[in-house]
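Text of the file work.tsv, holding TSV, C-alpha atoms (C1' of nucleotides):
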```tsv
chain	number	residue	atom	x	y	z
A	7	MET	CA	-53.13	-8.64	47.95
A	8	ASN	CA	-52.27	-8.16	51.62
A	9	ASP	CA	-50.35	-4.96	52.01
A	10	ALA	CA	-49.88	-5.47	55.73
A	11	VAL	CA	-47.25	-8.14	55.23
A	12	THR	CA	-45.41	-6.79	52.19
A	13	ALA	CA	-42.23	-4.79	52.59
A	14	PRO	CA	-43.04	-1.34	53.91
A	15	ILE	CA	-43.06	1.55	51.48
A	16	ASP	CA	-42.42	4.69	53.43
A	17	ARG	CA	-40.59	7.96	53.51
A	18	GLU	CA	-37.28	6.25	53.92
A	19	SER	CA	-37.35	4.82	50.43
A	20	ARG	CA	-37.10	8.34	49.15
A	21	ALA	CA	-33.33	8.31	49.54
A	22	SER	CA	-31.57	6.61	46.68
A	23	ARG	CA	-28.27	4.79	47.00
A	24	ALA	CA	-26.46	7.86	45.82
A	25	ASP	CA	-27.88	9.93	48.62
A	26	HIS	CA	-25.91	10.78	51.64
A	27	GLU	CA	-25.85	8.43	54.56
A	28	ALA	CA	-26.84	11.23	56.94
A	29	LEU	CA	-30.04	11.74	55.03
A	30	ARG	CA	-30.94	8.08	55.28
A	31	LEU	CA	-30.30	8.14	59.01
A	32	TRP	CA	-32.61	11.11	59.37
A	33	LEU	CA	-35.34	9.49	57.29
A	34	ARG	CA	-35.12	6.26	59.23
A	35	LEU	CA	-35.35	8.15	62.50
A	36	LEU	CA	-38.39	9.94	61.19
A	37	THR	CA	-39.98	6.69	60.05
A	38	CYS	CA	-39.46	5.03	63.42
A	39	THR	CA	-40.93	7.95	65.31
A	40	SER	CA	-43.87	8.25	62.94
A	41	LEU	CA	-44.66	4.57	63.26
A	42	MET	CA	-44.49	4.59	67.04
A	43	GLU	CA	-46.38	7.83	67.31
A	44	ALA	CA	-49.18	6.65	65.05
A	45	SER	CA	-49.38	3.48	67.10
A	46	VAL	CA	-49.55	5.30	70.41
A	47	ARG	CA	-52.09	7.77	69.08
A	48	ALA	CA	-54.32	4.99	67.83
A	49	GLU	CA	-54.07	3.22	71.17
A	50	LEU	CA	-55.03	6.32	73.14
A	51	ARG	CA	-57.81	7.10	70.77
A	52	ARG	CA	-59.26	3.61	70.64
A	53	ASP	CA	-59.09	2.83	74.35
A	54	PHE	CA	-59.55	6.23	75.95
A	55	ASP	CA	-60.82	8.59	73.27
A	56	CYS	CA	-57.87	10.85	74.07
A	57	THR	CA	-55.28	12.53	71.88
A	58	LEU	CA	-51.52	12.42	72.35
A	59	PRO	CA	-51.12	16.17	73.01
A	60	ARG	CA	-53.75	16.04	75.76
A	61	PHE	CA	-52.04	13.01	77.25
A	62	ASP	CA	-48.63	14.68	77.11
A	63	LEU	CA	-49.91	17.80	78.81
A	64	MET	CA	-51.52	15.79	81.58
A	65	ALA	CA	-48.34	13.76	81.97
A	66	GLN	CA	-46.38	16.92	82.69
A	67	LEU	CA	-48.91	18.04	85.25
A	68	GLU	CA	-48.97	14.68	86.95
A	69	ARG	CA	-45.27	15.06	87.65
A	70	HIS	CA	-45.78	18.53	89.05
A	71	PRO	CA	-48.57	18.40	91.62
A	72	ASP	CA	-48.02	22.07	92.45
A	73	GLY	CA	-48.92	22.98	88.91
A	74	LEU	CA	-47.11	24.54	85.99
A	75	ARG	CA	-47.51	27.86	84.28
A	76	MET	CA	-48.47	28.08	80.64
A	77	GLY	CA	-44.96	29.01	79.62
A	78	GLU	CA	-43.45	26.10	81.50
A	79	LEU	CA	-45.84	23.69	79.83
A	80	SER	CA	-44.98	25.21	76.50
A	81	LYS	CA	-41.23	24.63	77.02
A	82	ARG	CA	-41.67	21.09	78.28
A	83	LEU	CA	-44.02	20.04	75.52
A	84	MET	CA	-41.89	21.79	72.91
A	85	VAL	CA	-44.85	23.57	71.39
A	86	THR	CA	-45.80	27.23	71.16
A	87	GLY	CA	-47.74	29.06	73.82
A	88	GLY	CA	-50.76	29.61	71.66
A	89	ASN	CA	-51.08	25.91	71.27
A	90	VAL	CA	-50.98	25.24	74.99
A	91	THR	CA	-53.73	27.81	75.46
A	92	GLY	CA	-56.07	25.84	73.20
A	93	ILE	CA	-55.44	22.43	74.68
A	94	THR	CA	-55.66	23.76	78.22
A	95	ASP	CA	-58.97	25.42	77.42
A	96	GLN	CA	-60.40	22.08	76.37
A	97	LEU	CA	-59.11	20.24	79.41
A	98	VAL	CA	-60.54	22.92	81.69
A	99	GLN	CA	-63.85	22.53	79.87
A	100	GLU	CA	-63.74	18.80	80.52
A	101	GLY	CA	-62.90	19.31	84.19
A	102	LEU	CA	-59.53	17.58	83.98
A	103	VAL	CA	-57.33	20.57	84.83
A	104	THR	CA	-57.75	23.93	86.55
A	105	ARG	CA	-56.37	27.35	85.76
A	106	ALA	CA	-55.50	29.29	88.92
A	107	ALA	CA	-54.17	32.81	89.26
A	108	PRO	CA	-50.99	32.93	91.35
A	109	PRO	CA	-51.01	35.73	93.95
A	110	ASP	CA	-47.66	37.18	92.92
A	111	ASP	CA	-48.02	37.61	89.15
A	112	ARG	CA	-51.30	38.61	87.62
A	113	ARG	CA	-50.11	37.89	84.10
A	114	ALA	CA	-49.63	34.20	84.77
A	115	PHE	CA	-51.78	31.15	85.31
A	116	VAL	CA	-50.97	27.98	87.17
A	117	ILE	CA	-52.38	24.85	85.60
A	118	ARG	CA	-53.09	21.88	87.82
A	119	LEU	CA	-54.58	18.44	87.34
A	120	THR	CA	-57.93	17.96	89.09
A	121	ALA	CA	-58.61	14.75	91.00
A	122	ALA	CA	-60.64	13.52	88.04
A	123	GLY	CA	-57.83	14.50	85.69
A	124	ARG	CA	-55.30	12.62	87.75
A	125	ARG	CA	-57.44	9.49	87.85
A	126	SER	CA	-58.04	9.72	84.13
A	127	PHE	CA	-54.34	10.15	83.43
A	128	LEU	CA	-53.15	7.32	85.64
A	129	ARG	CA	-55.56	4.93	84.01
A	130	MET	CA	-54.22	5.86	80.57
A	131	ALA	CA	-50.59	5.94	81.62
A	132	GLU	CA	-50.59	2.35	82.72
A	133	SER	CA	-51.93	1.09	79.41
A	134	HIS	CA	-49.71	3.50	77.52
A	135	GLU	CA	-46.55	2.27	79.16
A	136	ALA	CA	-47.41	-1.36	78.55
A	137	TRP	CA	-47.98	-0.59	74.91
A	138	VAL	CA	-44.65	1.21	74.54
A	139	VAL	CA	-42.88	-1.69	76.21
A	140	LYS	CA	-44.40	-4.00	73.60
A	141	LEU	CA	-43.39	-1.75	70.74
A	142	VAL	CA	-39.71	-1.80	71.69
A	143	SER	CA	-39.63	-5.40	72.84
A	144	GLY	CA	-37.99	-6.51	69.60
A	145	LEU	CA	-34.74	-5.04	70.90
A	146	SER	CA	-32.76	-6.69	73.67
A	147	ALA	CA	-32.09	-4.76	76.86
A	148	PRO	CA	-28.50	-3.97	75.85
A	149	GLU	CA	-29.66	-2.85	72.43
A	150	ARG	CA	-32.23	-0.57	73.97
A	151	ARG	CA	-29.60	0.88	76.27
A	152	GLN	CA	-27.25	1.43	73.37
A	153	LEU	CA	-29.94	3.08	71.30
A	154	PHE	CA	-30.75	5.28	74.27
A	155	GLU	CA	-27.13	6.40	74.52
A	156	LEU	CA	-26.74	7.04	70.82
A	157	LEU	CA	-29.89	9.15	70.83
A	158	ALA	CA	-28.49	11.17	73.72
A	159	LYS	CA	-25.46	11.88	71.60
A	160	LEU	CA	-27.64	12.76	68.64
A	161	LYS	CA	-29.60	15.16	70.80
A	162	ARG	CA	-26.43	16.93	71.81
A	163	SER	CA	-25.26	17.01	68.20
A	164	VAL	CA	-28.48	18.60	66.97
A	165	THR	CA	-28.56	21.13	69.76
A	166	ALA	CA	-24.95	22.09	69.09
A	167	ALA	CA	-25.54	22.52	65.36
A	168	GLN	CA	-28.53	24.73	66.02
A	169	ALA	CA	-26.65	26.83	68.52
A	170	LYS	CA	-23.88	27.40	66.01
A	171	ARG	CA	-26.36	28.41	63.32
A	172	GLU	CA	-28.10	30.84	65.64
A	173	SER	CA	-24.91	32.57	66.69
A	174	ASP	CA	-24.27	33.74	63.10
B	27	MET	CA	-30.50	34.81	80.41
B	28	ASN	CA	-29.59	32.78	77.36
B	29	ASP	CA	-31.94	29.83	77.14
B	30	ALA	CA	-30.09	28.37	74.18
B	31	VAL	CA	-27.21	27.19	76.31
B	32	THR	CA	-29.00	26.09	79.49
B	33	ALA	CA	-29.86	22.45	80.00
B	34	PRO	CA	-32.82	21.54	77.83
B	35	ILE	CA	-36.23	21.14	79.43
B	36	ASP	CA	-38.26	18.98	77.15
B	37	ARG	CA	-40.72	16.16	76.95
B	38	GLU	CA	-38.14	13.66	78.03
B	39	SER	CA	-37.97	15.06	81.51
B	40	ARG	CA	-41.50	13.87	81.99
B	41	ALA	CA	-40.33	10.38	82.83
B	42	SER	CA	-39.21	10.03	86.42
B	43	ARG	CA	-36.61	7.59	87.65
B	44	ALA	CA	-39.32	5.17	88.59
B	45	ASP	CA	-40.64	5.07	85.07
B	46	HIS	CA	-39.89	2.26	82.78
B	47	GLU	CA	-36.81	2.34	80.64
B	48	ALA	CA	-38.86	1.69	77.50
B	49	LEU	CA	-40.81	4.86	78.11
B	50	ARG	CA	-37.67	6.91	78.43
B	51	LEU	CA	-36.32	5.44	75.21
B	52	TRP	CA	-39.53	6.42	73.43
B	53	LEU	CA	-39.47	9.94	74.84
B	54	ARG	CA	-35.87	10.43	73.88
B	55	LEU	CA	-36.58	9.22	70.38
B	56	LEU	CA	-39.47	11.64	70.17
B	57	THR	CA	-37.32	14.50	71.45
B	58	CYS	CA	-34.56	13.83	68.91
B	59	THR	CA	-37.01	13.69	66.05
B	60	SER	CA	-38.85	16.80	67.20
B	61	LEU	CA	-35.63	18.75	67.49
B	62	MET	CA	-34.38	17.72	64.06
B	63	GLU	CA	-37.74	18.22	62.47
B	64	ALA	CA	-38.17	21.69	63.92
B	65	SER	CA	-34.69	22.54	62.72
B	66	VAL	CA	-35.32	21.29	59.20
B	67	ARG	CA	-38.68	23.03	59.04
B	68	ALA	CA	-37.17	26.32	60.11
B	69	GLU	CA	-34.42	25.96	57.53
B	70	LEU	CA	-36.86	25.28	54.69
B	71	ARG	CA	-39.09	28.07	55.79
B	72	ARG	CA	-36.37	30.65	56.25
B	73	ASP	CA	-34.40	29.92	53.08
B	74	PHE	CA	-37.11	28.76	50.68
B	75	ASP	CA	-40.46	29.68	52.18
B	76	CYS	CA	-41.44	26.02	51.87
B	77	THR	CA	-42.97	23.59	54.35
B	78	LEU	CA	-41.68	20.11	55.14
B	79	PRO	CA	-44.75	18.26	53.81
B	80	ARG	CA	-44.46	20.06	50.47
B	81	PHE	CA	-40.76	19.25	50.34
B	82	ASP	CA	-41.38	15.60	51.19
B	83	LEU	CA	-44.01	15.27	48.51
B	84	MET	CA	-41.74	16.81	45.90
B	85	ALA	CA	-38.91	14.56	47.02
B	86	GLN	CA	-40.97	11.49	46.29
B	87	LEU	CA	-41.87	12.81	42.86
B	88	GLU	CA	-38.29	13.68	42.04
B	89	ARG	CA	-37.37	10.06	42.52
B	90	HIS	CA	-40.20	8.93	40.26
B	91	PRO	CA	-40.03	10.93	37.04
B	92	ASP	CA	-42.93	8.93	35.63
B	93	GLY	CA	-45.13	10.22	38.38
B	94	LEU	CA	-46.98	8.68	41.31
B	95	ARG	CA	-50.64	8.22	41.98
B	96	MET	CA	-52.30	9.83	44.96
B	97	GLY	CA	-52.49	6.56	46.82
B	98	GLU	CA	-48.81	5.84	46.26
B	99	LEU	CA	-47.87	9.25	47.56
B	100	SER	CA	-50.09	8.67	50.54
B	101	LYS	CA	-48.35	5.37	51.40
B	102	ARG	CA	-44.86	6.76	50.92
B	103	LEU	CA	-45.46	9.90	52.94
B	104	MET	CA	-47.31	7.90	55.61
B	105	VAL	CA	-50.23	10.31	55.64
B	106	THR	CA	-53.88	9.90	54.70
B	107	GLY	CA	-55.20	10.38	51.22
B	108	GLY	CA	-57.25	13.40	52.11
B	109	ASN	CA	-54.13	15.12	53.21
B	110	VAL	CA	-52.27	14.43	49.98
B	111	THR	CA	-55.21	15.89	48.08
B	112	GLY	CA	-54.81	19.22	49.84
B	113	ILE	CA	-51.07	19.56	49.47
B	114	THR	CA	-51.19	18.45	45.85
B	115	ASP	CA	-53.86	21.04	45.12
B	116	GLN	CA	-51.59	23.78	46.37
B	117	LEU	CA	-48.57	22.58	44.44
B	118	VAL	CA	-50.66	22.38	41.26
B	119	GLN	CA	-51.82	25.93	41.93
B	120	GLU	CA	-48.21	27.04	42.23
B	121	GLY	CA	-47.25	25.24	39.03
B	122	LEU	CA	-44.81	22.87	40.71
B	123	VAL	CA	-46.63	19.60	39.95
B	124	THR	CA	-49.23	18.39	37.49
B	125	ARG	CA	-52.18	16.07	37.88
B	126	ALA	CA	-52.68	13.87	34.83
B	127	ALA	CA	-55.38	11.30	34.15
B	128	PRO	CA	-53.89	7.93	33.23
B	129	PRO	CA	-55.56	6.32	30.19
B	130	ASP	CA	-56.24	3.00	31.86
B	131	ASP	CA	-57.94	4.01	35.13
B	132	ARG	CA	-60.28	6.94	35.26
B	133	ARG	CA	-60.44	6.87	39.04
B	134	ALA	CA	-56.78	7.71	39.44
B	135	PHE	CA	-54.47	10.66	38.92
B	136	VAL	CA	-50.78	10.64	38.18
B	137	ILE	CA	-48.87	13.42	39.87
B	138	ARG	CA	-45.65	14.61	38.30
B	139	LEU	CA	-43.12	17.32	39.03
B	140	THR	CA	-43.06	20.11	36.46
B	141	ALA	CA	-39.72	21.45	35.21
B	142	ALA	CA	-40.12	24.40	37.55
B	143	GLY	CA	-40.99	22.03	40.38
B	144	ARG	CA	-37.93	19.94	39.74
B	145	ARG	CA	-35.65	22.97	39.67
B	146	SER	CA	-37.21	24.28	42.85
B	147	PHE	CA	-36.82	20.95	44.59
B	148	LEU	CA	-33.20	20.38	43.58
B	149	ARG	CA	-32.23	23.78	44.85
B	150	MET	CA	-33.82	23.02	48.21
B	151	ALA	CA	-32.55	19.45	48.41
B	152	GLU	CA	-28.93	20.48	48.23
B	153	SER	CA	-29.23	22.88	51.12
B	154	HIS	CA	-31.42	20.44	53.02
B	155	GLU	CA	-28.91	17.63	52.81
B	156	ALA	CA	-26.05	19.84	53.90
B	157	TRP	CA	-28.09	20.90	56.90
B	158	VAL	CA	-28.94	17.34	57.90
B	159	VAL	CA	-25.28	16.38	57.61
B	160	LYS	CA	-24.45	19.17	60.05
B	161	LEU	CA	-27.14	18.11	62.48
B	162	VAL	CA	-25.80	14.58	62.80
B	163	SER	CA	-22.13	15.50	62.59
B	164	GLY	CA	-21.72	15.15	66.34
B	165	LEU	CA	-21.76	11.38	65.86
B	166	SER	CA	-18.83	9.52	64.35
B	167	ALA	CA	-19.37	7.50	61.19
B	168	PRO	CA	-19.43	4.19	63.10
B	169	GLU	CA	-21.88	5.64	65.60
B	170	ARG	CA	-24.14	6.81	62.83
B	171	ARG	CA	-23.99	3.38	61.23
B	172	GLN	CA	-24.79	1.72	64.53
B	173	LEU	CA	-27.68	4.06	65.19
B	174	PHE	CA	-28.94	3.34	61.70
B	175	GLU	CA	-28.90	-0.39	62.36
B	176	LEU	CA	-30.57	-0.12	65.74
B	177	LEU	CA	-33.32	1.99	64.23
B	178	ALA	CA	-33.84	-0.66	61.57
B	179	LYS	CA	-34.34	-3.15	64.33
B	180	LEU	CA	-36.69	-0.82	66.14
B	181	LYS	CA	-38.70	-0.38	62.98
B	182	ARG	CA	-39.13	-4.12	62.66
B	183	SER	CA	-40.05	-4.38	66.34
B	184	VAL	CA	-42.75	-1.75	66.07
B	185	THR	CA	-44.16	-3.22	62.89
B	186	ALA	CA	-44.26	-6.66	64.46
B	187	ALA	CA	-46.01	-5.42	67.60
B	188	GLN	CA	-48.62	-3.65	65.53
B	189	ALA	CA	-49.21	-6.69	63.34
B	190	LYS	CA	-49.75	-8.81	66.42
B	191	ARG	CA	-52.23	-6.30	67.87
B	192	GLU	CA	-54.15	-6.12	64.62
B	193	SER	CA	-54.52	-9.85	64.29
B	194	ASP	CA	-56.54	-10.02	67.52
C	16	DG	C1'	-75.08	-6.90	30.12
C	17	DC	C1'	-75.63	-6.18	35.17
C	18	DC	C1'	-74.58	-6.36	40.47
C	19	DG	C1'	-72.07	-5.88	44.18
C	20	DA	C1'	-67.55	-5.62	46.19
C	21	DT	C1'	-63.65	-3.07	46.02
C	22	DC	C1'	-60.75	0.68	44.92
C	23	DA	C1'	-58.96	5.78	44.03
C	24	DT	C1'	-59.90	9.91	45.36
C	25	DT	C1'	-62.42	13.95	47.39
C	26	DT	C1'	-64.94	16.36	50.91
C	27	DG	C1'	-65.93	18.28	55.44
C	28	DA	C1'	-65.61	18.56	60.40
C	29	DG	C1'	-62.47	19.04	63.86
C	30	DG	C1'	-57.92	18.90	66.32
C	31	DC	C1'	-53.06	20.33	66.45
C	32	DC	C1'	-49.59	23.55	65.43
C	33	DT	C1'	-46.96	27.90	64.08
C	34	DC	C1'	-46.30	32.62	63.36
C	35	DA	C1'	-47.32	37.33	63.98
C	36	DT	C1'	-49.64	40.36	66.66
C	37	DC	C1'	-52.05	42.05	70.63
C	38	DT	C1'	-53.11	43.15	75.75
C	39	DA	C1'	-51.99	43.38	80.37
C	40	DT	C1'	-48.55	43.20	83.83
C	41	DT	C1'	-44.07	43.57	85.78
C	42	DG	C1'	-39.84	45.66	87.04
C	43	DA	C1'	-35.65	48.51	86.41
C	44	DG	C1'	-33.95	53.33	85.89
C	45	DG	C1'	-34.52	58.08	85.76
D	14	DC	C1'	-43.65	58.30	90.61
D	15	DC	C1'	-43.23	57.47	85.51
D	16	DT	C1'	-41.58	55.49	81.42
D	17	DC	C1'	-40.22	51.76	78.76
D	18	DA	C1'	-38.46	47.30	77.74
D	19	DA	C1'	-39.32	42.67	78.78
D	20	DT	C1'	-42.58	39.05	80.02
D	21	DA	C1'	-47.07	35.97	80.31
D	22	DG	C1'	-50.67	34.81	77.86
D	23	DA	C1'	-54.39	35.16	74.35
D	24	DT	C1'	-55.97	35.64	69.60
D	25	DG	C1'	-56.57	34.89	64.62
D	26	DA	C1'	-55.09	33.39	60.10
D	27	DG	C1'	-53.45	29.61	57.83
D	28	DG	C1'	-51.27	24.99	57.11
D	29	DC	C1'	-51.16	20.03	58.29
D	30	DC	C1'	-53.43	16.00	59.62
D	31	DT	C1'	-57.07	12.38	60.72
D	32	DC	C1'	-61.37	10.15	60.45
D	33	DA	C1'	-65.71	9.17	58.44
D	34	DA	C1'	-68.64	9.55	54.70
D	35	DA	C1'	-69.49	10.25	49.82
D	36	DT	C1'	-68.58	9.89	44.70
D	37	DG	C1'	-67.26	7.48	40.70
D	38	DA	C1'	-64.79	3.84	38.42
D	39	DT	C1'	-63.33	-0.95	37.94
D	40	DC	C1'	-63.78	-5.87	37.97
D	41	DG	C1'	-65.36	-10.61	38.84
D	42	DG	C1'	-69.14	-13.50	38.43
D	43	DC	C1'	-73.62	-14.39	36.92
```
What is this structure when it is put down as structure tokens?
Amino acid sequence: MNDAVTAPIDRESRASRADHEALRLWLRLLTCTSLMEASVRAELRRDFDCTLPRFDLMAQLERHPDGLRMGELSKRLMVTGGNVTGITDQLVQEGLVTRAAPPDDRRAFVIRLTAAGRRSFLRMAESHEAWVVKLVSGLSAPERRQLFELLAKLKRSVTAAQAKRESD
Amino acid sequence: MNDAVTAPIDRESRASRADHEALRLWLRLLTCTSLMEASVRAELRRDFDCTLPRFDLMAQLERHPDGLRMGELSKRLMVTGGNVTGITDQLVQEGLVTRAAPPDDRRAFVIRLTAAGRRSFLRMAESHEAWVVKLVSGLSAPERRQLFELLAKLKRSVTAAQAKRESD
DNA sequence: GCCGATCATTTGAGGCCTCATCTATTGAGG
DNA sequence: CCTCAATAGATGAGGCCTCAAATGATCGGC
């Protein structure tokens, strides 16, 4: 029996025909993201012995050579502050980022990529991007663009629904 | 300052203009899923003091009244077996599912929802579905259908890319 | 009957993540 | 000044998750 080539059995199959179409959309979105994420994680792990959260944090820093504060990293990575503390600690330990005290606010820290961190990141980023390109290559360019636009709309929809809930 | 209404700063903004379009598609997909997932988690937590993994596991069982084995749950939830063991243990503890030994294979266990588990799940599922409907209501029905189809295509693309990588 | 491959599941170490709570600092008013 | 609310981060408990290794059961072939 070769499971790899049989029809996939995943979360999506949890919705029966009677279930609402919105639910199936949500489950399919979740399935797609999970599949891609698992793939990217495995790639980073296998080739660079790095995790996705570490990579994501370094990616943010690479785009901000002047550094980012913990809170800014937290917002951009969409995770809690406590979490950023832990990952940053590790990266500091490994010499990939630095924690500097800004002169104007003694509560804060500015996190920056070290030269070694930048080199390490760039090496990973190249391979990472190539892998992502492969993963989505089953869609034509127009399809990818269309998907991109629909996701933008979805993002707005979700944000709006949340805002409405919170204003109750 | 009301952060809820300012432009979102999230993972997606990590990709610069120079970055590849595939990367931006992936980041936007990730952002959408993260937003929806966080929203659903918060809802389950606030209203039912339940986590998403527990809910997902119960959802699978609700659709299979005859029960599922650990390995089947693992496949359907797209998580490792060790993980299913832990969550199942808790649900057994809380009296929401049972672990039964099938007569024909003493290695395996069949997990089933108890009556209390089923009641608990159905109560959550109703609210859950309504919430998901709200989250995606910013898209028209045709848009939702189109997004659904594009995601199906993406799913196939990702699966194909992975299969190719694994056959090396 | 027995052996070895395979399979179902568990275990344990370790990373990620959240929430609630804490400490230190800042900054606006009195 | 001084107080007090708001802010930046850190901490600790607890849940989710993976991987690798271990345990026990099954099954095909001898």
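A straight line drawn from CA of Gly73 (chain A) to CA of Thr120 (chain A) is 10.3 Å long.
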Six-sided padding of 6 Å per side, axis-aligned box over region 116-135 of chain B, centre and edges in Å, one decimal, as JSON:
```
{"center_x": -52.6, "center_y": 15.0, "center_z": 38.3, "size_x": 27.6, "size_y": 36.0, "size_z": 28.2}
```
_At a cut-off of 10 Å, using all atoms listed in the file, what residues contact region 132-146 of chain A? Leave out same-chain residues fewer than 6 positions from it and give the result as a ChimeraX atom specification._
/A:41-43,45-47,49-50,53-54,61,152-153 /B:45-52,176-177,179-188,191
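Of the listed residues D:DA38, D:DC32, D:DG27, D:DG22, the one whose atoms come nearest to Thr86 (chain A) is D:DG22, with distances taken using all atoms listed in the file.
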Kindly provide the residues of chain B that approach chain C to within 12 Å, each paired with its closest atom pair and their distance in Å to one decimal, based on all atoms listed in the file, listed by chain and increasing number, as CSV.
```
residue,atom,partner,partner_atom,distance
B:Ala64,CA,C:DT33,C1',10.8
B:Arg67,CA,C:DT33,C1',10.8
B:Ala68,CA,C:DT33,C1',10.7
B:Arg71,CA,C:DC34,C1',11.4
B:Thr77,CA,C:DT33,C1',11.4
B:Arg95,CA,C:DA23,C1',8.9
B:Met96,CA,C:DT24,C1',7.6
B:Gly97,CA,C:DA23,C1',7.1
B:Glu98,CA,C:DA23,C1',10.4
B:Ser100,CA,C:DT24,C1',11.2
B:Thr106,CA,C:DT24,C1',11.1
B:Gly107,CA,C:DT24,C1',7.5
B:Gly108,CA,C:DT25,C1',7.0
B:Asn109,CA,C:DT25,C1',10.2
B:Val110,CA,C:DT24,C1',10.0
B:Thr111,CA,C:DT25,C1',7.5
B:Gly112,CA,C:DT25,C1',9.6
B:Asp115,CA,C:DT25,C1',11.3
B:Ala127,CA,C:DA23,C1',11.9
B:Asp131,CA,C:DA23,C1',9.1
B:Arg132,CA,C:DA23,C1',8.9
B:Arg133,CA,C:DA23,C1',5.3
B:Ala134,CA,C:DA23,C1',5.4
B:Phe135,CA,C:DA23,C1',8.4
B:Val136,CA,C:DA23,C1',11.2
```
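With the cut-off set to 12 Å and all atoms listed in the file counted, chain D residues close to chain A are DT20, DA21, DG22, DA23, DT24, DG25, DC30, DT31 and DC32 of chain D.
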Output file for the residues above (C-alpha atoms (C1' of nucleotides), as an mmCIF file, keeping the file's coordinate frame):
```cif
data_model
loop_
_atom_site.group_PDB
_atom_site.id
_atom_site.type_symbol
_atom_site.label_atom_id
_atom_site.label_comp_id
_atom_site.auth_asym_id
_atom_site.auth_seq_id
_atom_site.Cartn_x
_atom_site.Cartn_y
_atom_site.Cartn_z
ATOM 1 C "C1'" DT D 20 -42.580 39.050 80.020
ATOM 2 C "C1'" DA D 21 -47.070 35.970 80.310
ATOM 3 C "C1'" DG D 22 -50.670 34.810 77.860
ATOM 4 C "C1'" DA D 23 -54.390 35.160 74.350
ATOM 5 C "C1'" DT D 24 -55.970 35.640 69.600
ATOM 6 C "C1'" DG D 25 -56.570 34.890 64.620
ATOM 7 C "C1'" DC D 30 -53.430 16.000 59.620
ATOM 8 C "C1'" DT D 31 -57.070 12.380 60.720
ATOM 9 C "C1'" DC D 32 -61.370 10.150 60.450
#
```
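Considering the residues A:Ala121, A:Leu83, A:Met64, A:Val98 and counting only C-alpha atoms, chain B has its shortest atom-to-atom contact with A:Leu83.
Considering only C-alpha atoms, the residue among B:Arg102, B:Arg80, B:His90, B:Arg171 positioned nearest to chain A is B:Arg102.
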_Just checking: using all atoms listed in the file, which residue out of B:Cys76, B:Leu122, B:Ala167, B:Ala142 ends up closest to chain A?_
B:Ala167
_Spatial neighbours of Ile137 (chain B), max dist 7 Å, all atoms listed in the file, sep filter under 4 positions, as a PyMOL selection string_ = chain B and resi 93-95+123-126
*asked:* I'd like the interatomic distance between CA of Leu99 (chain B) and C1' of DG37 (chain D), to a tenth of an Å.
replied: 20.6 Å
*Measure the distance from CA of Arg145 (chain B) to CA of Leu33 (chain A) in Å and round it to one decimal.*
22.2 Å
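Nearest residue to chain A among B:Met150, B:Arg138, B:Ala85, B:Pro79 is B:Ala85, counting only C-alpha atoms.
Proximity ranking of A:Leu58, A:Cys38, A:Ala131, A:Ile93 relative to chain B places A:Cys38 first, based on all atoms listed in the file.
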